[in-house]
Amino acid sequence: MTFQPSLPPQPLSPLDGRYRGAVTGLADFLSEAGLNRARVEVEVEWLIALTDRSLFETSPLSDADKERLRALYRDFGQAEIDWLAEKEAVTRHDVKAIEYLVRDRLSTLGLDAIAELTHFACTSEDINSVSYALTVKRAVESVWLPALDSVIAKLRELAVEHADAAMLSRTHGQPATPSTMGKEIAVFAWRLERVRGQIAASDYLAKFSGATGTWSAHLSADPDADWPTIAREYVEGLGLGFNVLTTQIESHDWQVELYDRVRHAGGILHNLATDIWTYISLGYFAQIPVAGATGSSTMPHKINPIRFENAEANLELSAALLGSLSQTLVTSRLQRDLTDSTTQRNIGVAFGHSLLALDNLRRGLNEISLSRDVLLADLDVNWEVLAEAIQTVIRAEVVAGRSSITDPYALLKELTRGHRVGGAELAEFVQGLEIGDAAKQRLLALTPATYTGIAERLAR
């Protein structure tokens, strides 16, 4: 018997279902409707740019008419979304449907006289390149970067709060020279701030040069106009960079650069998630119980580090999509092919998983509490980490002529490698060393908890 599903319409992507609340801000820009609103904006502003210059014997529009025109995209809503869906079902061309929408609204506004300037001398990719640059720029600056900033701010707060919290480091998973929790967290804040600066400084480029990037149609209509300058002023007036030398498409290199940087930030965030997860598993951080939450369906005691695990998964999905975007968009056959069209429709999905991960991390970092007693207990059973300090001091004493010990490293290796050595044993060992009294007293005063160098200062 074949099972026939009978569910009402359901979102296929969890970003539009389970996690919609966490990523809804992106939909204003990177959804189909967000893209179409930007396309209307591009068409309207091109009309205004042409008439402002009195091209083809037109007169500049009045301020009132400009405002009525701009209302086409400022008030863009469900009526326009439905209208475009119906029109595209006929045209089978999304940008052509936008042109028809603008023409229709011009007629309604009594501006039929300039209707033929709608989409004037444009190829679809002129409209698309400007629209994608606008929507991605706005999504990054208005939604994604603020979410990243909130994670960085929390990391900075934790770094200062735990600047003096001595902890055992682990290199290759093994006990190593102590640090402080604050310094370890500060490393992530420092890394993220650097990449954040690169992302914030990104170029968002657009082209506006016609069917094959030559302004051929423009010059046919008015050979005396300085079309490259007109196009540059128009694009830069929208707050974008202008790409003067292109094929039919803007070459998408700025997108490749941006997505690679966002993916880089995601890699750092993934590293953060796995490290915090590990600290939780070691007992360094306790998770703050959330009232009513269940950690395990069978083990009532558990509080799973779900925020960090979810962040990992979403960062991996985002990285895969961003990598695919970068790989696909960097090339196009001859003047263009349509691989970029479908690819770019998934920009929002890539940023959506990244934004969801940032939300998970922000929540997770607010739901952990440092267990300083666990950190100190861990240090107290790993006195052998002071072997580095002892052999380094011996070397300095040999150079200064206050010791004749040969091969200090081997001496400490024999004492500590593979052995648990306590404070008393190390003190006895140091007392018997042939080194100056000042050096000996410095070593005797050391404990694993005080052997943290300038970690506290670095964290602050």
# chains A, B, ... in the order shown; residues from 1 in each chain; ligands from 1
>>> select_by_dssp(residues="region 201-437 of chain A", states="strand (DSSP E)", output="list in words")
Leu205, Ala206, Gly241, Phe242, Phe285, Ala286, Gln287, Ile368, Ser369 and Leu370 of chain A
>>> select_by_dssp(residues="region 286-394 of chain A", states="alpha helix (DSSP H)", output="number ranges by chain")
A: 306-329, 339-344, 347-365, 372-380, 387-394
>>> residues_around(residues="Glu456 (chain A)", least_positions_apart="6", cutoff="7 Å", atoms="only C-alpha atoms", output="list in words")
Ala163, Asp164, Thr180 and Lys183 of chain A
>>> write_last_selection(atoms="N, CA and C atoms", output="PDB file, in the first residue's frame")
ATOM      1  N   ALA A 163      39.880  37.065  33.335  1.00  0.00           N
ATOM      2  CA  ALA A 163      41.276  37.355  32.994  1.00  0.00           C
ATOM      3  C   ALA A 163      42.253  36.702  33.955  1.00  0.00           C
ATOM      4  N   ASP A 164      41.891  36.594  35.223  1.00  0.00           N
ATOM      5  CA  ASP A 164      42.801  36.063  36.239  1.00  0.00           C
ATOM      6  C   ASP A 164      42.507  34.609  36.605  1.00  0.00           C
ATOM      7  N   THR A 180      45.168  31.566  31.376  1.00  0.00           N
ATOM      8  CA  THR A 180      43.944  31.908  32.093  1.00  0.00           C
ATOM      9  C   THR A 180      42.781  31.757  31.126  1.00  0.00           C
ATOM     10  N   LYS A 183      42.340  34.829  28.958  1.00  0.00           N
ATOM     11  CA  LYS A 183      43.261  34.976  27.827  1.00  0.00           C
ATOM     12  C   LYS A 183      42.853  34.061  26.678  1.00  0.00           C
TER      13      LYS A 183
END
>>> residues_around(residues="Asn310 (chain A)", least_positions_apart="5", cutoff="12 Å", atoms="only C-alpha atoms", output="list in words")
Tyr19, Leu269, His270, Ala273, Thr274, Trp277, Asn304, Pro305, Leu315, Glu316, Leu317, His353, Ser354, Leu355, Leu356, Ala357, Leu358, Asp359, Asn360, Leu361, Arg362, Arg363 and Gly364 of chain A
>>> residues_around(residues="Ala319 (chain A)", least_positions_apart="6", cutoff="10 Å", atoms="only C-alpha atoms", output="mmCIF file with all heavy atoms, in the first residue's frame")
data_model
loop_
_atom_site.group_PDB
_atom_site.id
_atom_site.type_symbol
_atom_site.label_atom_id
_atom_site.label_comp_id
_atom_site.auth_asym_id
_atom_site.auth_seq_id
_atom_site.Cartn_x
_atom_site.Cartn_y
_atom_site.Cartn_z
ATOM 1 N N TYR A 259 32.290 36.167 0.650
ATOM 2 C CA TYR A 259 31.857 34.872 1.167
ATOM 3 C C TYR A 259 33.029 34.099 1.748
ATOM 4 O O TYR A 259 32.870 33.362 2.731
ATOM 5 C CB TYR A 259 31.158 34.065 0.073
ATOM 6 C CG TYR A 259 29.990 34.803 -0.539
ATOM 7 C CD1 TYR A 259 29.607 34.595 -1.865
ATOM 8 C CD2 TYR A 259 29.268 35.736 0.203
ATOM 9 C CE1 TYR A 259 28.550 35.290 -2.426
ATOM 10 C CE2 TYR A 259 28.212 36.435 -0.348
ATOM 11 C CZ TYR A 259 27.854 36.215 -1.672
ATOM 12 O OH TYR A 259 26.808 36.905 -2.222
ATOM 13 N N ASP A 260 34.211 34.267 1.175
ATOM 14 C CA ASP A 260 35.386 33.610 1.748
ATOM 15 C C ASP A 260 35.726 34.190 3.120
ATOM 16 O O ASP A 260 36.136 33.462 4.032
ATOM 17 C CB ASP A 260 36.587 33.740 0.806
ATOM 18 C CG ASP A 260 36.525 32.764 -0.363
ATOM 19 O OD1 ASP A 260 35.705 31.829 -0.323
ATOM 20 O OD2 ASP A 260 37.294 32.945 -1.329
ATOM 21 N N VAL A 262 33.509 35.619 5.209
ATOM 22 C CA VAL A 262 32.460 35.173 6.129
ATOM 23 C C VAL A 262 32.704 33.717 6.511
ATOM 24 O O VAL A 262 32.518 33.321 7.662
ATOM 25 C CB VAL A 262 31.064 35.358 5.496
ATOM 26 C CG1 VAL A 262 29.980 34.722 6.361
ATOM 27 C CG2 VAL A 262 30.772 36.842 5.292
ATOM 28 N N ARG A 263 33.145 32.926 5.536
ATOM 29 C CA ARG A 263 33.464 31.520 5.826
ATOM 30 C C ARG A 263 34.653 31.432 6.788
ATOM 31 O O ARG A 263 34.685 30.579 7.683
ATOM 32 C CB ARG A 263 33.778 30.785 4.526
ATOM 33 C CG ARG A 263 33.998 29.285 4.678
ATOM 34 C CD ARG A 263 33.865 28.581 3.358
ATOM 35 N NE ARG A 263 34.654 29.186 2.314
ATOM 36 C CZ ARG A 263 35.561 28.542 1.561
ATOM 37 N NH1 ARG A 263 35.799 27.273 1.771
ATOM 38 N NH2 ARG A 263 36.214 29.164 0.607
ATOM 39 N N HIS A 264 35.628 32.323 6.628
ATOM 40 C CA HIS A 264 36.772 32.377 7.546
ATOM 41 C C HIS A 264 36.294 32.689 8.962
ATOM 42 O O HIS A 264 36.686 32.020 9.932
ATOM 43 C CB HIS A 264 37.755 33.437 7.054
ATOM 44 C CG HIS A 264 38.997 33.563 7.871
ATOM 45 N ND1 HIS A 264 39.984 34.474 7.608
ATOM 46 C CD2 HIS A 264 39.424 32.893 8.978
ATOM 47 C CE1 HIS A 264 40.956 34.365 8.498
ATOM 48 N NE2 HIS A 264 40.634 33.415 9.343
ATOM 49 N N ALA A 265 35.428 33.693 9.085
ATOM 50 C CA ALA A 265 34.866 34.009 10.399
ATOM 51 C C ALA A 265 34.130 32.803 10.965
ATOM 52 O O ALA A 265 34.225 32.499 12.166
ATOM 53 C CB ALA A 265 33.922 35.208 10.293
ATOM 54 N N GLY A 266 33.416 32.090 10.096
ATOM 55 C CA GLY A 266 32.709 30.894 10.532
ATOM 56 C C GLY A 266 33.647 29.817 11.033
ATOM 57 O O GLY A 266 33.315 29.087 11.987
ATOM 58 N N GLY A 267 34.812 29.701 10.433
ATOM 59 C CA GLY A 267 35.797 28.732 10.903
ATOM 60 C C GLY A 267 36.293 29.057 12.304
ATOM 61 O O GLY A 267 36.473 28.163 13.142
ATOM 62 N N ALA A 313 27.057 22.656 13.704
ATOM 63 C CA ALA A 313 26.377 22.123 12.534
ATOM 64 C C ALA A 313 25.993 23.226 11.558
ATOM 65 O O ALA A 313 26.178 23.095 10.339
ATOM 66 C CB ALA A 313 25.132 21.341 12.966
ATOM 67 N N LEU A 325 29.191 28.871 -3.309
ATOM 68 C CA LEU A 325 28.964 30.175 -3.937
ATOM 69 C C LEU A 325 30.260 30.731 -4.519
ATOM 70 O O LEU A 325 30.301 31.194 -5.664
ATOM 71 C CB LEU A 325 28.401 31.154 -2.907
ATOM 72 C CG LEU A 325 26.942 30.973 -2.486
ATOM 73 C CD1 LEU A 325 26.637 31.811 -1.249
ATOM 74 C CD2 LEU A 325 26.000 31.348 -3.614
ATOM 75 N N ALA A 350 22.880 30.524 2.882
ATOM 76 C CA ALA A 350 24.235 30.478 3.449
ATOM 77 C C ALA A 350 24.359 31.414 4.642
ATOM 78 O O ALA A 350 24.885 31.037 5.702
ATOM 79 C CB ALA A 350 25.258 30.851 2.373
ATOM 80 N N PHE A 351 23.868 32.640 4.494
ATOM 81 C CA PHE A 351 23.924 33.591 5.608
ATOM 82 C C PHE A 351 22.958 33.195 6.717
ATOM 83 O O PHE A 351 23.210 33.471 7.894
ATOM 84 C CB PHE A 351 23.633 35.009 5.117
ATOM 85 C CG PHE A 351 24.839 35.727 4.587
ATOM 86 C CD1 PHE A 351 25.091 35.789 3.231
ATOM 87 C CD2 PHE A 351 25.732 36.337 5.449
ATOM 88 C CE1 PHE A 351 26.209 36.444 2.737
ATOM 89 C CE2 PHE A 351 26.855 37.002 4.974
ATOM 90 C CZ PHE A 351 27.098 37.056 3.608
ATOM 91 N N HIS A 353 22.189 30.125 7.834
ATOM 92 C CA HIS A 353 22.806 29.145 8.729
ATOM 93 C C HIS A 353 23.908 29.800 9.574
ATOM 94 O O HIS A 353 24.087 29.456 10.743
ATOM 95 C CB HIS A 353 23.359 27.968 7.926
ATOM 96 C CG HIS A 353 22.306 27.014 7.471
ATOM 97 N ND1 HIS A 353 21.617 26.199 8.343
ATOM 98 C CD2 HIS A 353 21.793 26.762 6.235
ATOM 99 C CE1 HIS A 353 20.743 25.472 7.665
ATOM 100 N NE2 HIS A 353 20.818 25.796 6.400
ATOM 101 N N SER A 354 24.624 30.759 8.985
ATOM 102 C CA SER A 354 25.648 31.472 9.747
ATOM 103 C C SER A 354 25.006 32.320 10.841
ATOM 104 O O SER A 354 25.473 32.336 11.992
ATOM 105 C CB SER A 354 26.470 32.359 8.804
ATOM 106 O OG SER A 354 27.447 33.088 9.522
#
>>> atom_distance(atom1="CA of Ile249 (chain A)", atom2="CA of Ile127 (chain A)")
10.2 Å
>>> residues_around(residues="region 44-61 of chain A", least_positions_apart="3", cutoff="9 Å", atoms="only C-alpha atoms", output="PDB file with all heavy atoms, in the first residue's frame")
ATOM      1  N   ARG A  39      15.053  45.310  -6.894  1.00  0.00           N
ATOM      2  CA  ARG A  39      14.980  45.497  -8.346  1.00  0.00           C
ATOM      3  C   ARG A  39      14.074  46.671  -8.711  1.00  0.00           C
ATOM      4  O   ARG A  39      14.383  47.453  -9.615  1.00  0.00           O
ATOM      5  CB  ARG A  39      14.469  44.212  -9.002  1.00  0.00           C
ATOM      6  CG  ARG A  39      15.489  43.086  -9.071  1.00  0.00           C
ATOM      7  CD  ARG A  39      14.808  41.771  -9.389  1.00  0.00           C
ATOM      8  NE  ARG A  39      15.742  40.730  -9.805  1.00  0.00           N
ATOM      9  CZ  ARG A  39      15.425  39.440  -9.852  1.00  0.00           C
ATOM     10  NH1 ARG A  39      14.208  39.035  -9.503  1.00  0.00           N
ATOM     11  NH2 ARG A  39      16.325  38.546 -10.251  1.00  0.00           N
ATOM     12  N   VAL A  40      12.957  46.784  -8.016  1.00  0.00           N
ATOM     13  CA  VAL A  40      12.073  47.925  -8.250  1.00  0.00           C
ATOM     14  C   VAL A  40      12.802  49.223  -7.905  1.00  0.00           C
ATOM     15  O   VAL A  40      12.732  50.216  -8.636  1.00  0.00           O
ATOM     16  CB  VAL A  40      10.775  47.792  -7.421  1.00  0.00           C
ATOM     17  CG1 VAL A  40       9.939  49.075  -7.525  1.00  0.00           C
ATOM     18  CG2 VAL A  40       9.963  46.593  -7.889  1.00  0.00           C
ATOM     19  N   GLU A  41      13.531  49.213  -6.803  1.00  0.00           N
ATOM     20  CA  GLU A  41      14.312  50.393  -6.413  1.00  0.00           C
ATOM     21  C   GLU A  41      15.303  50.776  -7.501  1.00  0.00           C
ATOM     22  O   GLU A  41      15.438  51.964  -7.851  1.00  0.00           O
ATOM     23  CB  GLU A  41      15.049  50.107  -5.104  1.00  0.00           C
ATOM     24  CG  GLU A  41      15.932  51.248  -4.633  1.00  0.00           C
ATOM     25  CD  GLU A  41      16.683  50.925  -3.350  1.00  0.00           C
ATOM     26  OE1 GLU A  41      16.459  49.836  -2.776  1.00  0.00           O
ATOM     27  OE2 GLU A  41      17.493  51.764  -2.916  1.00  0.00           O
ATOM     28  N   ALA A  64       7.663  65.905  -5.540  1.00  0.00           N
ATOM     29  CA  ALA A  64       6.473  65.121  -5.200  1.00  0.00           C
ATOM     30  C   ALA A  64       6.388  63.869  -6.051  1.00  0.00           C
ATOM     31  O   ALA A  64       6.065  62.777  -5.550  1.00  0.00           O
ATOM     32  CB  ALA A  64       5.221  65.970  -5.370  1.00  0.00           C
ATOM     33  N   ASP A  65       6.678  63.991  -7.353  1.00  0.00           N
ATOM     34  CA  ASP A  65       6.632  62.823  -8.237  1.00  0.00           C
ATOM     35  C   ASP A  65       7.735  61.827  -7.890  1.00  0.00           C
ATOM     36  O   ASP A  65       7.532  60.614  -7.950  1.00  0.00           O
ATOM     37  CB  ASP A  65       6.768  63.258  -9.697  1.00  0.00           C
ATOM     38  CG  ASP A  65       5.457  63.792 -10.266  1.00  0.00           C
ATOM     39  OD1 ASP A  65       4.396  63.503  -9.679  1.00  0.00           O
ATOM     40  OD2 ASP A  65       5.504  64.496 -11.292  1.00  0.00           O
ATOM     41  N   LYS A  66       8.904  62.343  -7.519  1.00  0.00           N
ATOM     42  CA  LYS A  66       9.985  61.447  -7.106  1.00  0.00           C
ATOM     43  C   LYS A  66       9.577  60.652  -5.875  1.00  0.00           C
ATOM     44  O   LYS A  66       9.841  59.443  -5.771  1.00  0.00           O
ATOM     45  CB  LYS A  66      11.253  62.248  -6.813  1.00  0.00           C
ATOM     46  CG  LYS A  66      11.954  62.801  -8.052  1.00  0.00           C
ATOM     47  CD  LYS A  66      13.201  63.582  -7.659  1.00  0.00           C
ATOM     48  CE  LYS A  66      13.870  64.198  -8.880  1.00  0.00           C
ATOM     49  NZ  LYS A  66      15.074  64.990  -8.516  1.00  0.00           N
ATOM     50  N   LEU A  69       7.159  58.012  -6.844  1.00  0.00           N
ATOM     51  CA  LEU A  69       7.864  56.915  -7.504  1.00  0.00           C
ATOM     52  C   LEU A  69       8.606  56.053  -6.486  1.00  0.00           C
ATOM     53  O   LEU A  69       8.573  54.823  -6.543  1.00  0.00           O
ATOM     54  CB  LEU A  69       8.855  57.471  -8.533  1.00  0.00           C
ATOM     55  CG  LEU A  69       8.423  57.519  -9.995  1.00  0.00           C
ATOM     56  CD1 LEU A  69       9.553  58.079 -10.848  1.00  0.00           C
ATOM     57  CD2 LEU A  69       8.013  56.139 -10.486  1.00  0.00           C
ATOM     58  N   ARG A  70       9.295  56.700  -5.582  1.00  0.00           N
ATOM     59  CA  ARG A  70      10.078  55.949  -4.587  1.00  0.00           C
ATOM     60  C   ARG A  70       9.185  55.150  -3.645  1.00  0.00           C
ATOM     61  O   ARG A  70       9.631  54.157  -3.067  1.00  0.00           O
ATOM     62  CB  ARG A  70      10.973  56.902  -3.808  1.00  0.00           C
ATOM     63  CG  ARG A  70      12.161  57.390  -4.648  1.00  0.00           C
ATOM     64  CD  ARG A  70      13.040  58.387  -3.955  1.00  0.00           C
ATOM     65  NE  ARG A  70      14.262  58.598  -4.729  1.00  0.00           N
ATOM     66  CZ  ARG A  70      14.820  59.791  -4.941  1.00  0.00           C
ATOM     67  NH1 ARG A  70      14.269  60.884  -4.427  1.00  0.00           N
ATOM     68  NH2 ARG A  70      15.919  59.885  -5.656  1.00  0.00           N
ATOM     69  N   LEU A  72       7.080  53.214  -4.604  1.00  0.00           N
ATOM     70  CA  LEU A  72       6.900  51.904  -5.233  1.00  0.00           C
ATOM     71  C   LEU A  72       7.769  50.844  -4.559  1.00  0.00           C
ATOM     72  O   LEU A  72       7.370  49.683  -4.456  1.00  0.00           O
ATOM     73  CB  LEU A  72       7.240  51.964  -6.731  1.00  0.00           C
ATOM     74  CG  LEU A  72       6.381  52.877  -7.605  1.00  0.00           C
ATOM     75  CD1 LEU A  72       6.768  52.716  -9.065  1.00  0.00           C
ATOM     76  CD2 LEU A  72       4.899  52.600  -7.403  1.00  0.00           C
ATOM     77  N   TYR A  73       8.957  51.248  -4.118  1.00  0.00           N
ATOM     78  CA  TYR A  73       9.778  50.256  -3.413  1.00  0.00           C
ATOM     79  C   TYR A  73       9.751  50.444  -1.901  1.00  0.00           C
ATOM     80  O   TYR A  73       9.875  49.485  -1.155  1.00  0.00           O
ATOM     81  CB  TYR A  73      11.226  50.241  -3.941  1.00  0.00           C
ATOM     82  CG  TYR A  73      12.038  51.504  -3.790  1.00  0.00           C
ATOM     83  CD1 TYR A  73      12.709  51.792  -2.615  1.00  0.00           C
ATOM     84  CD2 TYR A  73      12.192  52.394  -4.856  1.00  0.00           C
ATOM     85  CE1 TYR A  73      13.491  52.937  -2.482  1.00  0.00           C
ATOM     86  CE2 TYR A  73      12.971  53.538  -4.737  1.00  0.00           C
ATOM     87  CZ  TYR A  73      13.616  53.811  -3.554  1.00  0.00           C
ATOM     88  OH  TYR A  73      14.399  54.939  -3.424  1.00  0.00           O
ATOM     89  N   VAL A 102       6.701  48.272 -12.884  1.00  0.00           N
ATOM     90  CA  VAL A 102       7.026  49.700 -12.828  1.00  0.00           C
ATOM     91  C   VAL A 102       6.225  50.466 -13.872  1.00  0.00           C
ATOM     92  O   VAL A 102       5.678  51.548 -13.598  1.00  0.00           O
ATOM     93  CB  VAL A 102       8.541  49.919 -13.022  1.00  0.00           C
ATOM     94  CG1 VAL A 102       8.872  51.415 -13.110  1.00  0.00           C
ATOM     95  CG2 VAL A 102       9.328  49.276 -11.876  1.00  0.00           C
ATOM     96  N   ALA A 113       4.389  59.457 -19.704  1.00  0.00           N
ATOM     97  CA  ALA A 113       5.309  60.120 -20.629  1.00  0.00           C
ATOM     98  C   ALA A 113       6.731  59.614 -20.503  1.00  0.00           C
ATOM     99  O   ALA A 113       7.515  59.687 -21.469  1.00  0.00           O
ATOM    100  CB  ALA A 113       5.269  61.637 -20.404  1.00  0.00           C
ATOM    101  N   ILE A 114       7.088  59.081 -19.331  1.00  0.00           N
ATOM    102  CA  ILE A 114       8.457  58.576 -19.158  1.00  0.00           C
ATOM    103  C   ILE A 114       8.494  57.049 -19.096  1.00  0.00           C
ATOM    104  O   ILE A 114       9.515  56.465 -18.754  1.00  0.00           O
ATOM    105  CB  ILE A 114       9.125  59.163 -17.899  1.00  0.00           C
ATOM    106  CG1 ILE A 114       8.351  58.768 -16.631  1.00  0.00           C
ATOM    107  CG2 ILE A 114       9.273  60.673 -18.018  1.00  0.00           C
ATOM    108  CD1 ILE A 114       9.092  59.116 -15.349  1.00  0.00           C
ATOM    109  N   ALA A 115       7.389  56.412 -19.459  1.00  0.00           N
ATOM    110  CA  ALA A 115       7.306  54.951 -19.353  1.00  0.00           C
ATOM    111  C   ALA A 115       8.397  54.256 -20.156  1.00  0.00           C
ATOM    112  O   ALA A 115       8.934  53.224 -19.744  1.00  0.00           O
ATOM    113  CB  ALA A 115       5.935  54.461 -19.788  1.00  0.00           C
ATOM    114  N   LEU A 117      11.333  55.045 -20.563  1.00  0.00           N
ATOM    115  CA  LEU A 117      12.644  55.087 -19.897  1.00  0.00           C
ATOM    116  C   LEU A 117      12.772  53.981 -18.850  1.00  0.00           C
ATOM    117  O   LEU A 117      13.836  53.807 -18.263  1.00  0.00           O
ATOM    118  CB  LEU A 117      12.859  56.448 -19.235  1.00  0.00           C
ATOM    119  CG  LEU A 117      13.085  57.636 -20.182  1.00  0.00           C
ATOM    120  CD1 LEU A 117      13.329  58.897 -19.383  1.00  0.00           C
ATOM    121  CD2 LEU A 117      14.249  57.373 -21.129  1.00  0.00           C
ATOM    122  N   THR A 118      11.698  53.245 -18.620  1.00  0.00           N
ATOM    123  CA  THR A 118      11.771  52.111 -17.710  1.00  0.00           C
ATOM    124  C   THR A 118      12.695  51.050 -18.299  1.00  0.00           C
ATOM    125  O   THR A 118      12.526  50.666 -19.458  1.00  0.00           O
ATOM    126  CB  THR A 118      10.376  51.504 -17.480  1.00  0.00           C
ATOM    127  OG1 THR A 118       9.472  52.528 -17.080  1.00  0.00           O
ATOM    128  CG2 THR A 118      10.438  50.410 -16.423  1.00  0.00           C
ATOM    129  N   HIS A 119      13.658  50.627 -17.529  1.00  0.00           N
ATOM    130  CA  HIS A 119      14.611  49.593 -17.976  1.00  0.00           C
ATOM    131  C   HIS A 119      15.401  50.069 -19.206  1.00  0.00           C
ATOM    132  O   HIS A 119      15.862  49.262 -20.023  1.00  0.00           O
ATOM    133  CB  HIS A 119      13.856  48.294 -18.283  1.00  0.00           C
ATOM    134  CG  HIS A 119      14.704  47.060 -18.237  1.00  0.00           C
ATOM    135  ND1 HIS A 119      15.222  46.544 -17.083  1.00  0.00           N
ATOM    136  CD2 HIS A 119      15.125  46.220 -19.233  1.00  0.00           C
ATOM    137  CE1 HIS A 119      15.920  45.446 -17.359  1.00  0.00           C
ATOM    138  NE2 HIS A 119      15.873  45.235 -18.664  1.00  0.00           N
ATOM    139  N   PHE A 120      15.587  51.379 -19.344  1.00  0.00           N
ATOM    140  CA  PHE A 120      16.188  51.926 -20.556  1.00  0.00           C
ATOM    141  C   PHE A 120      17.634  51.462 -20.746  1.00  0.00           C
ATOM    142  O   PHE A 120      18.477  51.652 -19.883  1.00  0.00           O
ATOM    143  CB  PHE A 120      16.155  53.454 -20.534  1.00  0.00           C
ATOM    144  CG  PHE A 120      16.719  54.085 -21.770  1.00  0.00           C
ATOM    145  CD1 PHE A 120      15.960  54.173 -22.926  1.00  0.00           C
ATOM    146  CD2 PHE A 120      18.021  54.539 -21.797  1.00  0.00           C
ATOM    147  CE1 PHE A 120      16.489  54.731 -24.085  1.00  0.00           C
ATOM    148  CE2 PHE A 120      18.565  55.095 -22.939  1.00  0.00           C
ATOM    149  CZ  PHE A 120      17.796  55.187 -24.089  1.00  0.00           C
ATOM    150  N   ALA A 221      21.364  55.511 -28.765  1.00  0.00           N
ATOM    151  CA  ALA A 221      20.282  56.438 -28.438  1.00  0.00           C
ATOM    152  C   ALA A 221      20.783  57.872 -28.286  1.00  0.00           C
ATOM    153  O   ALA A 221      20.090  58.821 -28.662  1.00  0.00           O
ATOM    154  CB  ALA A 221      19.598  55.990 -27.154  1.00  0.00           C
ATOM    155  N   ASP A 222      21.989  58.049 -27.724  1.00  0.00           N
ATOM    156  CA  ASP A 222      22.560  59.387 -27.526  1.00  0.00           C
ATOM    157  C   ASP A 222      24.076  59.271 -27.536  1.00  0.00           C
ATOM    158  O   ASP A 222      24.710  59.024 -26.505  1.00  0.00           O
ATOM    159  CB  ASP A 222      22.082  59.992 -26.210  1.00  0.00           C
ATOM    160  CG  ASP A 222      22.526  61.453 -26.057  1.00  0.00           C
ATOM    161  OD1 ASP A 222      23.429  61.886 -26.808  1.00  0.00           O
ATOM    162  OD2 ASP A 222      21.976  62.152 -25.179  1.00  0.00           O
ATOM    163  N   ALA A 225      26.215  61.628 -25.011  1.00  0.00           N
ATOM    164  CA  ALA A 225      26.186  61.506 -23.557  1.00  0.00           C
ATOM    165  C   ALA A 225      27.389  60.712 -23.062  1.00  0.00           C
ATOM    166  O   ALA A 225      27.852  59.770 -23.720  1.00  0.00           O
ATOM    167  CB  ALA A 225      24.890  60.837 -23.112  1.00  0.00           C
ATOM    168  N   ILE A 230      27.738  58.650 -16.370  1.00  0.00           N
ATOM    169  CA  ILE A 230      26.357  58.620 -15.884  1.00  0.00           C
ATOM    170  C   ILE A 230      26.121  57.345 -15.071  1.00  0.00           C
ATOM    171  O   ILE A 230      25.532  57.380 -13.980  1.00  0.00           O
ATOM    172  CB  ILE A 230      25.366  58.709 -17.062  1.00  0.00           C
ATOM    173  CG1 ILE A 230      25.443  60.087 -17.717  1.00  0.00           C
ATOM    174  CG2 ILE A 230      23.939  58.415 -16.595  1.00  0.00           C
ATOM    175  CD1 ILE A 230      24.691  60.203 -19.032  1.00  0.00           C
ATOM    176  N   TYR A 234      25.398  57.042 -11.032  1.00  0.00           N
ATOM    177  CA  TYR A 234      24.169  56.375 -10.606  1.00  0.00           C
ATOM    178  C   TYR A 234      24.474  55.277  -9.585  1.00  0.00           C
ATOM    179  O   TYR A 234      23.872  55.229  -8.500  1.00  0.00           O
ATOM    180  CB  TYR A 234      23.460  55.782 -11.822  1.00  0.00           C
ATOM    181  CG  TYR A 234      22.384  54.779 -11.485  1.00  0.00           C
ATOM    182  CD1 TYR A 234      21.206  55.185 -10.877  1.00  0.00           C
ATOM    183  CD2 TYR A 234      22.568  53.430 -11.756  1.00  0.00           C
ATOM    184  CE1 TYR A 234      20.218  54.267 -10.550  1.00  0.00           C
ATOM    185  CE2 TYR A 234      21.584  52.506 -11.438  1.00  0.00           C
ATOM    186  CZ  TYR A 234      20.414  52.929 -10.834  1.00  0.00           C
ATOM    187  OH  TYR A 234      19.449  52.006 -10.507  1.00  0.00           O
ATOM    188  N   LEU A 238      24.021  55.110  -5.144  1.00  0.00           N
ATOM    189  CA  LEU A 238      23.295  54.114  -4.358  1.00  0.00           C
ATOM    190  C   LEU A 238      24.158  53.532  -3.235  1.00  0.00           C
ATOM    191  O   LEU A 238      23.723  52.639  -2.516  1.00  0.00           O
ATOM    192  CB  LEU A 238      22.814  52.976  -5.273  1.00  0.00           C
ATOM    193  CG  LEU A 238      21.743  53.361  -6.295  1.00  0.00           C
ATOM    194  CD1 LEU A 238      21.502  52.212  -7.280  1.00  0.00           C
ATOM    195  CD2 LEU A 238      20.441  53.743  -5.613  1.00  0.00           C
TER     196      LEU A 238
END
>>> residues_around(residues="region 398-415 of chain A", least_positions_apart="3", cutoff="8 Å", atoms="only C-alpha atoms", output="number ranges by chain")
A: 387, 390-392, 394-395, 419, 434-436
>>> closest_residue(among="A:Gln4, A:Gln78, A:Asn128, A:Thr328", to="Glu43 (chain A)", atoms="only C-alpha atoms")
A:Asn128
>>> closest_residue(among="A:Pro448, A:Arg417, A:Gly348, A:Thr339", to="Ser318 (chain A)", atoms="only C-alpha atoms")
A:Gly348
